[in-house]
file query.csv (CSV, C-alpha atoms)
chain,number,residue,atom,x,y,z
A,1,MET,CA,-3.8,-20.9,-17.2
A,2,GLN,CA,-1.2,-23.4,-16.1
A,3,ARG,CA,1.5,-21.4,-17.7
A,4,VAL,CA,0.5,-18.3,-15.6
A,5,LEU,CA,0.2,-20.4,-12.4
A,6,ALA,CA,3.7,-21.8,-13.0
A,7,ALA,CA,5.2,-18.3,-13.4
A,8,ALA,CA,7.3,-16.9,-10.6
A,9,PRO,CA,4.8,-14.5,-9.1
A,10,LEU,CA,2.2,-17.2,-8.5
A,11,LYS,CA,4.3,-20.3,-8.2
A,12,GLY,CA,3.8,-22.0,-4.8
A,13,ALA,CA,0.9,-19.8,-3.8
A,14,CYS,CA,-1.3,-21.2,-1.0
A,15,LEU,CA,-4.9,-20.6,-0.3
A,16,SER,CA,-5.7,-19.4,3.2
A,17,ARG,CA,-9.4,-18.8,2.7
A,18,LYS,CA,-9.1,-15.4,4.4
A,19,PRO,CA,-11.5,-12.6,3.5
A,20,ILE,CA,-10.6,-10.9,0.2
A,21,VAL,CA,-10.5,-7.4,1.7
A,22,GLU,CA,-8.1,-8.7,4.5
A,23,LEU,CA,-5.8,-10.2,1.8
A,24,VAL,CA,-5.8,-6.9,-0.1
A,25,GLU,CA,-4.9,-4.9,3.1
A,26,ALA,CA,-2.1,-7.3,4.0
A,27,ALA,CA,-0.7,-7.2,0.4
A,28,VAL,CA,-0.8,-3.4,0.3
A,29,GLU,CA,0.9,-3.2,3.7
A,30,ASN,CA,3.6,-5.6,2.5
A,31,LEU,CA,4.3,-3.5,-0.6
A,32,ALA,CA,4.5,-0.3,1.5
A,33,LEU,CA,7.1,-1.9,3.8
A,34,GLN,CA,9.2,-3.1,0.8
A,35,ARG,CA,9.1,0.5,-0.6
A,36,ARG,CA,10.6,1.9,2.6
A,37,ASP,CA,14.0,1.4,0.9
A,38,MET,CA,13.5,3.8,-2.0
A,39,ALA,CA,16.6,2.3,-3.7
A,40,GLN,CA,15.0,-1.1,-3.8
A,41,THR,CA,14.2,-2.0,-7.4
A,42,ARG,CA,12.9,-5.6,-7.0
A,43,ARG,CA,9.9,-6.5,-4.9
A,44,THR,CA,9.1,-9.9,-3.4
A,45,ILE,CA,5.5,-11.1,-4.0
A,46,SER,CA,3.8,-11.5,-0.6
A,47,PRO,CA,1.8,-14.7,0.1
A,48,GLU,CA,-1.4,-12.5,0.2
A,49,ALA,CA,-0.7,-11.0,-3.2
A,50,ALA,CA,0.1,-14.4,-4.7
A,51,GLU,CA,-3.1,-15.8,-3.3
A,52,LEU,CA,-5.1,-12.9,-4.8
A,53,GLY,CA,-3.4,-13.5,-8.1
A,54,VAL,CA,-4.4,-17.2,-8.1
A,55,LEU,CA,-8.0,-16.5,-7.1
A,56,ALA,CA,-8.3,-13.7,-9.6
A,57,LEU,CA,-6.7,-15.7,-12.4
A,58,TYR,CA,-9.7,-18.1,-12.5
A,59,CYS,CA,-12.1,-15.2,-12.5
A,60,LEU,CA,-10.3,-13.5,-15.4
A,61,VAL,CA,-10.2,-16.7,-17.5
A,62,GLU,CA,-13.6,-18.2,-16.6
A,63,GLY,CA,-15.5,-15.9,-14.4
A,64,SER,CA,-16.9,-13.2,-16.7
A,65,SER,CA,-19.0,-13.3,-19.9
A,66,GLN,CA,-15.8,-13.5,-22.0
A,67,PRO,CA,-12.2,-14.3,-20.9
A,68,LEU,CA,-10.3,-11.2,-20.0
A,69,LEU,CA,-6.8,-12.7,-19.7
A,70,VAL,CA,-5.8,-14.2,-23.0
A,71,ARG,CA,-2.8,-14.4,-25.3
A,72,SER,CA,-3.0,-11.5,-27.6
A,73,GLY,CA,-0.4,-11.7,-30.4
A,74,GLU,CA,-1.4,-8.1,-31.2
A,75,ARG,CA,1.2,-5.4,-31.9
A,76,ILE,CA,0.9,-1.8,-30.9
A,77,GLU,CA,3.4,0.4,-32.8
A,78,GLY,CA,5.4,-2.7,-33.7
A,79,VAL,CA,5.5,-4.0,-30.1
A,80,TYR,CA,3.7,-7.1,-29.0
A,81,ARG,CA,1.2,-6.6,-26.2
A,82,ALA,CA,1.9,-8.1,-22.8
A,83,GLU,CA,1.4,-11.8,-22.2
A,84,PRO,CA,-0.8,-13.0,-19.3
A,85,PRO,CA,2.2,-13.8,-17.0
A,86,GLN,CA,3.5,-10.2,-17.5
A,87,ILE,CA,0.1,-8.8,-16.7
A,88,MET,CA,-0.3,-10.9,-13.5
A,89,GLU,CA,3.2,-9.9,-12.4
A,90,LYS,CA,2.3,-6.2,-12.5
A,91,LEU,CA,-1.1,-6.8,-10.8
A,92,VAL,CA,0.4,-8.7,-7.8
A,93,SER,CA,3.3,-6.3,-7.4
A,94,THR,CA,1.6,-2.9,-7.3
A,95,THR,CA,-0.9,-1.4,-4.8
A,96,ASN,CA,-3.5,-0.6,-7.4
A,97,GLY,CA,-2.9,-3.9,-9.0
A,98,VAL,CA,-3.7,-6.0,-5.8
A,99,LYS,CA,-6.7,-3.8,-5.2
A,100,GLN,CA,-8.0,-4.5,-8.7
A,101,LEU,CA,-7.4,-8.2,-8.1
A,102,GLY,CA,-9.5,-8.0,-5.0
A,103,GLN,CA,-12.3,-6.2,-6.8
A,104,ILE,CA,-12.3,-8.8,-9.6
A,105,ILE,CA,-12.7,-11.6,-7.1
A,106,LEU,CA,-15.5,-9.9,-5.2
A,107,ASP,CA,-17.4,-9.1,-8.3
A,108,VAL,CA,-17.2,-12.5,-9.9
A,109,ARG,CA,-18.1,-14.3,-6.7
A,110,ALA,CA,-21.2,-12.2,-6.5
A,111,GLY,CA,-22.1,-12.9,-10.1
A,112,ARG,CA,-21.2,-9.4,-11.3
A,113,GLU,CA,-19.1,-8.5,-14.3
A,114,PRO,CA,-15.7,-7.3,-12.9
A,115,ARG,CA,-15.4,-3.5,-12.8
A,116,GLN,CA,-12.4,-1.3,-13.2
A,117,LEU,CA,-11.1,0.5,-10.1
A,118,ALA,CA,-9.9,4.0,-10.2
A,119,PHE,CA,-6.4,4.7,-8.9
A,120,GLY,CA,-6.5,4.8,-5.2
A,121,GLU,CA,-9.9,3.2,-4.9
A,122,ASP,CA,-10.4,0.4,-2.5
A,123,PRO,CA,-12.3,-2.8,-3.5
A,124,VAL,CA,-15.8,-3.2,-2.1
A,125,ASP,CA,-18.3,-6.0,-2.4
A,126,LEU,CA,-21.1,-3.9,-3.8
A,127,TYR,CA,-22.8,-3.3,-7.1
A,128,MET,CA,-21.9,0.1,-8.5
A,129,PRO,CA,-24.3,1.5,-11.0
A,130,GLY,CA,-22.5,3.2,-13.9
A,131,ALA,CA,-19.2,1.5,-13.1
A,132,THR,CA,-16.8,0.9,-15.9
A,133,PRO,CA,-16.6,-2.8,-16.8
A,134,LEU,CA,-13.1,-4.2,-16.7
A,135,ASN,CA,-11.8,-5.0,-20.2
A,136,ARG,CA,-8.6,-6.4,-21.7
A,137,ASP,CA,-7.2,-2.9,-22.4
A,138,HIS,CA,-7.4,-2.1,-18.7
A,139,LEU,CA,-5.2,-5.1,-17.9
A,140,TYR,CA,-2.7,-4.3,-20.6
A,141,ALA,CA,-2.5,-0.8,-19.2
A,142,TYR,CA,-1.0,-2.1,-16.0
A,143,VAL,CA,2.1,-3.3,-17.9
A,144,GLU,CA,2.2,-0.5,-20.5
A,145,GLN,CA,1.9,2.3,-18.0
A,146,ALA,CA,4.5,0.9,-15.8
A,147,SER,CA,6.9,0.5,-18.7
A,148,ARG,CA,6.5,4.2,-19.4
A,149,SER,CA,7.1,5.3,-15.9
A,150,THR,CA,9.7,4.4,-13.3
A,151,ALA,CA,8.7,7.0,-10.7
A,152,VAL,CA,7.0,5.7,-7.6
A,153,GLN,CA,4.6,8.6,-7.5
A,154,GLU,CA,3.3,7.9,-11.0
A,155,ASP,CA,3.3,4.1,-10.8
A,156,ASP,CA,1.9,3.6,-7.4
A,157,PRO,CA,0.9,6.8,-5.6
A,158,GLU,CA,-0.7,5.1,-2.5
A,159,THR,CA,2.4,3.1,-1.9
A,160,ALA,CA,4.6,6.2,-2.3
A,161,ARG,CA,2.5,8.0,0.3
A,162,GLN,CA,2.8,5.1,2.7
A,163,VAL,CA,6.6,5.0,2.1
A,164,TYR,CA,6.9,8.7,3.2
A,165,GLU,CA,4.7,8.2,6.2
A,166,ASN,CA,6.9,5.3,7.4
A,167,LYS,CA,10.0,7.4,6.8
A,168,LEU,CA,8.6,10.3,8.8
A,169,ARG,CA,7.9,7.9,11.7
A,170,ASP,CA,11.5,6.7,11.5
A,171,CYS,CA,12.8,10.3,11.5
A,172,VAL,CA,10.8,11.1,14.6
A,173,LYS,CA,12.1,8.0,16.4
A,174,GLU,CA,15.7,8.9,15.3
A,175,MET,CA,15.2,12.4,16.6
A,176,GLU,CA,14.1,11.0,20.0
A,177,VAL,CA,17.3,8.9,20.1
A,178,LEU,CA,19.4,11.9,19.3
A,179,VAL,CA,17.8,14.0,22.0
A,180,GLN,CA,18.4,11.2,24.5
A,181,GLY,CA,22.0,11.0,23.4
A,182,VAL,CA,22.5,14.7,23.9
A,183,LYS,CA,21.2,14.4,27.5
A,184,LYS,CA,23.7,11.7,28.2
A,185,VAL,CA,26.7,14.0,27.5
A,186,LYS,CA,28.1,15.1,30.8
A,187,ASP,CA,30.6,17.9,31.6
A,188,GLY,CA,33.6,17.5,33.9
A,189,GLY,CA,31.5,17.8,37.0
A,190,GLY,CA,29.1,15.1,35.9
A,191,ASP,CA,26.3,17.5,35.0
A,192,ILE,CA,24.3,17.3,31.8
A,193,LEU,CA,26.3,19.6,29.5
A,194,VAL,CA,23.5,20.7,27.2
A,195,GLU,CA,21.6,22.1,30.2
A,196,ARG,CA,24.5,24.5,30.8
A,197,VAL,CA,25.5,25.5,27.3
A,198,GLY,CA,22.4,24.7,25.3
A,199,LEU,CA,22.0,24.0,21.6
A,200,SER,CA,22.0,26.6,18.8
A,201,LEU,CA,19.0,25.5,16.7
A,202,SER,CA,17.0,28.7,16.0
A,203,GLU,CA,16.6,28.1,12.3
A,204,GLU,CA,15.9,24.4,12.8
A,205,LEU,CA,13.2,25.2,15.4
A,206,VAL,CA,11.4,27.5,12.9
A,207,MET,CA,11.5,24.7,10.3
A,208,LEU,CA,10.2,22.1,12.9
A,209,SER,CA,7.4,24.4,13.8
A,210,ARG,CA,6.3,24.7,10.2
A,211,LEU,CA,6.6,21.0,9.6
A,212,THR,CA,4.7,20.2,12.8
A,213,SER,CA,1.8,22.4,11.5
A,214,GLU,CA,1.7,20.5,8.2
A,215,LEU,CA,2.0,17.1,9.9
A,216,THR,CA,-0.8,18.0,12.4
A,217,TYR,CA,-3.0,19.1,9.5
A,218,TRP,CA,-2.4,15.8,7.6
A,219,ASN,CA,-2.9,13.7,10.7
A,220,GLY,CA,-6.3,15.4,11.2
A,221,ILE,CA,-7.3,14.4,7.7
A,222,ALA,CA,-6.3,10.8,8.4
A,223,GLU,CA,-8.2,10.7,11.7
A,224,ARG,CA,-11.4,12.1,10.1
A,225,ARG,CA,-11.1,9.5,7.3
A,226,ASN,CA,-10.5,6.7,9.9
A,227,PRO,CA,-12.3,7.6,13.1
A,228,PRO,CA,-11.7,5.5,16.2
A,229,THR,CA,-13.8,2.3,16.4
A,230,SER,CA,-16.2,1.7,19.3
A,231,ARG,CA,-13.6,-0.6,20.8
A,232,ASP,CA,-10.9,2.1,20.6
A,233,GLU,CA,-13.4,4.5,22.4
A,234,GLU,CA,-14.0,1.9,25.1
A,235,ASP,CA,-10.3,1.5,25.6
A,236,GLU,CA,-9.9,5.3,25.9
A,237,ASP,CA,-12.8,5.5,28.5
A,238,PHE,CA,-11.1,2.7,30.5
A,239,ASP,CA,-7.8,4.5,30.4
A,240,ALA,CA,-9.5,7.7,31.6
A,241,ASP,CA,-11.3,5.9,34.4
A,242,TRP,CA,-8.1,4.2,35.5
A,243,ASP,CA,-6.3,7.5,35.6
A,244,GLU,CA,-9.0,9.0,37.8
A,245,SER,CA,-8.9,6.1,40.2
A,246,ALA,CA,-5.1,6.1,40.4
call {"tool": "encode", "arguments": {"input": "query.csv", "output": "structure tokens"}}
result
Amino acid sequence: MQRVLAAAPLKGACLSRKPIVELVEAAVENLALQRRDMAQTRRTISPEAAELGVLALYCLVEGSSQPLLVRSGERIEGVYRAEPPQIMEKLVSTTNGVKQLGQIILDVRAGREPRQLAFGEDPVDLYMPGATPLNRDHLYAYVEQASRSTAVQEDDPETARQVYENKLRDCVKEMEVLVQGVKKVKDGGGDILVERVGLSLSEELVMLSRLTSELTYWNGIAERRNPPTSRDEEDEDFDADWDESA
């Protein structure tokens, strides 16, 4: 255990005592932000991910009926299986990994055997009848699967989705800047040039219309999955009342 704690991903981790789900959400968000640069090949372990790693480490070694994180020495097709530090490094550096760490902690703290999370599944502090108990092969899979795939989509689909969402936001902001820039261009008489000569964007407008339809559809899915909270609704009511009184 000391060897894993001393490894780079967990070295210097601090315990904040924040709720586990909150730590998971922060770690996932941090990974998504790091993925914004698609050319980035090395990720920094966030404090939240490192904290999850430390807390889960004790659960994996001492929290279940048998230790799940052990030195193997086993060979598969002539290759030694991953060592505990390698496993923890993958768990704290991928979206599904930090979610799995969160589930491990929640289960062990509640006196349950850790269960395996499906890809994309979020950790919950509930007993799930029929759930698949986490085993050592599941932990090895985080390293072995990643070594077989370098594509973001295969290795970490939720992070990839978040990356593209962030990039789309950036594109919209950039488009707004470009439109404002066009409006600043004046002709010899000081008038806005584009309002006299226009822009030839027929094909681009067709594409924008199609893309807007897709984005509107996807946004609707997100809003149905994450409806406004009562606080958000109160804020909207306040804004409406303010507009009426203005």
call {"tool": "atom_distance", "arguments": {"input": "query.csv", "atom1": "atom CA of A:Ala32", "atom2": "atom CA of A:Asn96"}}
result
12.0 Å
call {"tool": "residues_around", "arguments": {"input": "query.csv", "residues": "stretch 63-65 of chain A", "least_positions_apart": "4", "cutoff": "12 Å", "atoms": "only C-alpha atoms", "output": "mmCIF file with C-alpha atoms, keeping the file's coordinate frame"}}
result
data_model
loop_
_atom_site.group_PDB
_atom_site.id
_atom_site.type_symbol
_atom_site.label_atom_id
_atom_site.label_comp_id
_atom_site.auth_asym_id
_atom_site.auth_seq_id
_atom_site.Cartn_x
_atom_site.Cartn_y
_atom_site.Cartn_z
ATOM 1 C CA LEU A 55 -8.000 -16.500 -7.100
ATOM 2 C CA ALA A 56 -8.300 -13.700 -9.600
ATOM 3 C CA LEU A 57 -6.700 -15.700 -12.400
ATOM 4 C CA TYR A 58 -9.700 -18.100 -12.500
ATOM 5 C CA CYS A 59 -12.100 -15.200 -12.500
ATOM 6 C CA LEU A 69 -6.800 -12.700 -19.700
ATOM 7 C CA ILE A 104 -12.300 -8.800 -9.600
ATOM 8 C CA ILE A 105 -12.700 -11.600 -7.100
ATOM 9 C CA LEU A 106 -15.500 -9.900 -5.200
ATOM 10 C CA ASP A 107 -17.400 -9.100 -8.300
ATOM 11 C CA VAL A 108 -17.200 -12.500 -9.900
ATOM 12 C CA ARG A 109 -18.100 -14.300 -6.700
ATOM 13 C CA ALA A 110 -21.200 -12.200 -6.500
ATOM 14 C CA GLY A 111 -22.100 -12.900 -10.100
ATOM 15 C CA ARG A 112 -21.200 -9.400 -11.300
ATOM 16 C CA GLU A 113 -19.100 -8.500 -14.300
ATOM 17 C CA PRO A 114 -15.700 -7.300 -12.900
ATOM 18 C CA ARG A 115 -15.400 -3.500 -12.800
ATOM 19 C CA PRO A 133 -16.600 -2.800 -16.800
ATOM 20 C CA LEU A 134 -13.100 -4.200 -16.700
ATOM 21 C CA ASN A 135 -11.800 -5.000 -20.200
ATOM 22 C CA ARG A 136 -8.600 -6.400 -21.700
#
call {"tool": "atom_distance", "arguments": {"input": "query.csv", "atom1": "atom CA of A:Gln66", "atom2": "atom CA of A:Leu117"}}
result
19.0 Å
call {"tool": "closest_residue", "arguments": {"input": "query.csv", "among": "A:Leu211, A:Ile192, A:Val206, A:Ala49", "to": "A:Leu168", "atoms": "only C-alpha atoms"}}
result
A:Leu211
call {"tool": "closest_residue", "arguments": {"input": "query.csv", "among": "A:Ile87, A:Gln103, A:Ala222, A:Val143", "to": "A:Tyr127", "atoms": "all atoms listed in the file"}}
result
A:Gln103
call {"tool": "residues_around", "arguments": {"input": "query.csv", "residues": "stretch 17-21 of chain A", "least_positions_apart": "6", "cutoff": "9 Å", "atoms": "only C-alpha atoms", "output": "VMD selection string"}}
result
chain A and resid 52 99 102 to 103 105 to 106 122 to 125
call {"tool": "residues_around", "arguments": {"input": "query.csv", "residues": "A:Gln162", "least_positions_apart": "5", "cutoff": "10 Å", "atoms": "all atoms listed in the file", "output": "list in words"}}
result
Val28, Glu29, Leu31, Ala32, Leu33, Arg35, Arg36, Pro157, Lys167 and Leu168 of chain A
call {"tool": "closest_residue", "arguments": {"input": "query.csv", "among": "A:Lys183, A:Arg210, A:Arg169, A:Arg225", "to": "A:Arg196", "atoms": "all atoms listed in the file"}}
result
A:Lys183
call {"tool": "atom_distance", "arguments": {"input": "query.csv", "atom1": "atom CA of A:Thr94", "atom2": "atom CA of A:Thr132"}}
result
20.7 Å
call {"tool": "closest_residue", "arguments": {"input": "query.csv", "among": "A:Gln116, A:Asn166, A:Thr159, A:Thr44", "to": "A:Thr95", "atoms": "all atoms listed in the file"}}
result
A:Thr159
call {"tool": "closest_residue", "arguments": {"input": "query.csv", "among": "A:Val54, A:Val92, A:Asn219, A:Val61", "to": "A:Ala27", "atoms": "all atoms listed in the file"}}
result
A:Val92
call {"tool": "closest_residue", "arguments": {"input": "query.csv", "among": "A:Leu208, A:Gly190, A:Ser200, A:Glu51", "to": "A:Met175", "atoms": "only C-alpha atoms"}}
result
A:Leu208
call {"tool": "build_atoms", "arguments": {"input": "query.csv", "residues": "stretch 120-136 of chain A", "atoms": "N, CA and C atoms", "output": "JSON list (two decimals), in the coordinates of the input"}}
result
[["chain", "number", "residue", "atom", "x", "y", "z"],
["A", 120, "GLY", "N", -6.24, 4.41, -6.56],
["A", 120, "GLY", "CA", -6.50, 4.80, -5.20],
["A", 120, "GLY", "C", -7.75, 4.25, -4.59],
["A", 121, "GLU", "N", -8.65, 3.74, -5.42],
["A", 121, "GLU", "CA", -9.90, 3.20, -4.90],
["A", 121, "GLU", "C", -9.78, 1.88, -4.30],
["A", 122, "ASP", "N", -10.49, 1.65, -3.21],
["A", 122, "ASP", "CA", -10.40, 0.40, -2.50],
["A", 122, "ASP", "C", -11.53, -0.56, -3.02],
["A", 123, "PRO", "N", -11.28, -1.87, -3.03],
["A", 123, "PRO", "CA", -12.30, -2.80, -3.50],
["A", 123, "PRO", "C", -13.44, -2.92, -2.46],
["A", 124, "VAL", "N", -14.66, -3.02, -2.95],
["A", 124, "VAL", "CA", -15.80, -3.20, -2.10],
["A", 124, "VAL", "C", -16.75, -4.23, -2.73],
["A", 125, "ASP", "N", -17.42, -4.98, -1.90],
["A", 125, "ASP", "CA", -18.30, -6.00, -2.40],
["A", 125, "ASP", "C", -19.72, -5.45, -2.57],
["A", 126, "LEU", "N", -19.84, -4.54, -3.53],
["A", 126, "LEU", "CA", -21.10, -3.90, -3.80],
["A", 126, "LEU", "C", -21.29, -3.71, -5.31],
["A", 127, "TYR", "N", -22.54, -3.68, -5.72],
["A", 127, "TYR", "CA", -22.80, -3.30, -7.10],
["A", 127, "TYR", "C", -22.79, -1.83, -7.26],
["A", 128, "MET", "N", -22.04, -1.36, -8.24],
["A", 128, "MET", "CA", -21.90, 0.10, -8.50],
["A", 128, "MET", "C", -22.52, 0.45, -9.80],
["A", 129, "PRO", "N", -23.69, 1.06, -9.78],
["A", 129, "PRO", "CA", -24.30, 1.50, -11.00],
["A", 129, "PRO", "C", -23.43, 2.46, -11.79],
["A", 130, "GLY", "N", -23.31, 2.27, -13.07],
["A", 130, "GLY", "CA", -22.50, 3.20, -13.90],
["A", 130, "GLY", "C", -21.02, 2.92, -13.83],
["A", 131, "ALA", "N", -20.60, 1.85, -13.13],
["A", 131, "ALA", "CA", -19.20, 1.50, -13.10],
["A", 131, "ALA", "C", -18.66, 1.10, -14.42],
["A", 132, "THR", "N", -17.37, 1.31, -14.65],
["A", 132, "THR", "CA", -16.80, 0.90, -15.90],
["A", 132, "THR", "C", -16.40, -0.56, -15.90],
["A", 133, "PRO", "N", -16.97, -1.36, -16.79],
["A", 133, "PRO", "CA", -16.60, -2.80, -16.80],
["A", 133, "PRO", "C", -15.14, -2.96, -17.15],
["A", 134, "LEU", "N", -14.50, -3.89, -16.48],
["A", 134, "LEU", "CA", -13.10, -4.20, -16.70],
["A", 134, "LEU", "C", -12.97, -4.84, -18.12],
["A", 135, "ASN", "N", -11.99, -4.40, -18.90],
["A", 135, "ASN", "CA", -11.80, -5.00, -20.20],
["A", 135, "ASN", "C", -10.28, -5.36, -20.37],
["A", 136, "ARG", "N", -9.94, -5.97, -21.47],
["A", 136, "ARG", "CA", -8.60, -6.40, -21.70],
["A", 136, "ARG", "C", -7.60, -5.22, -21.77]]
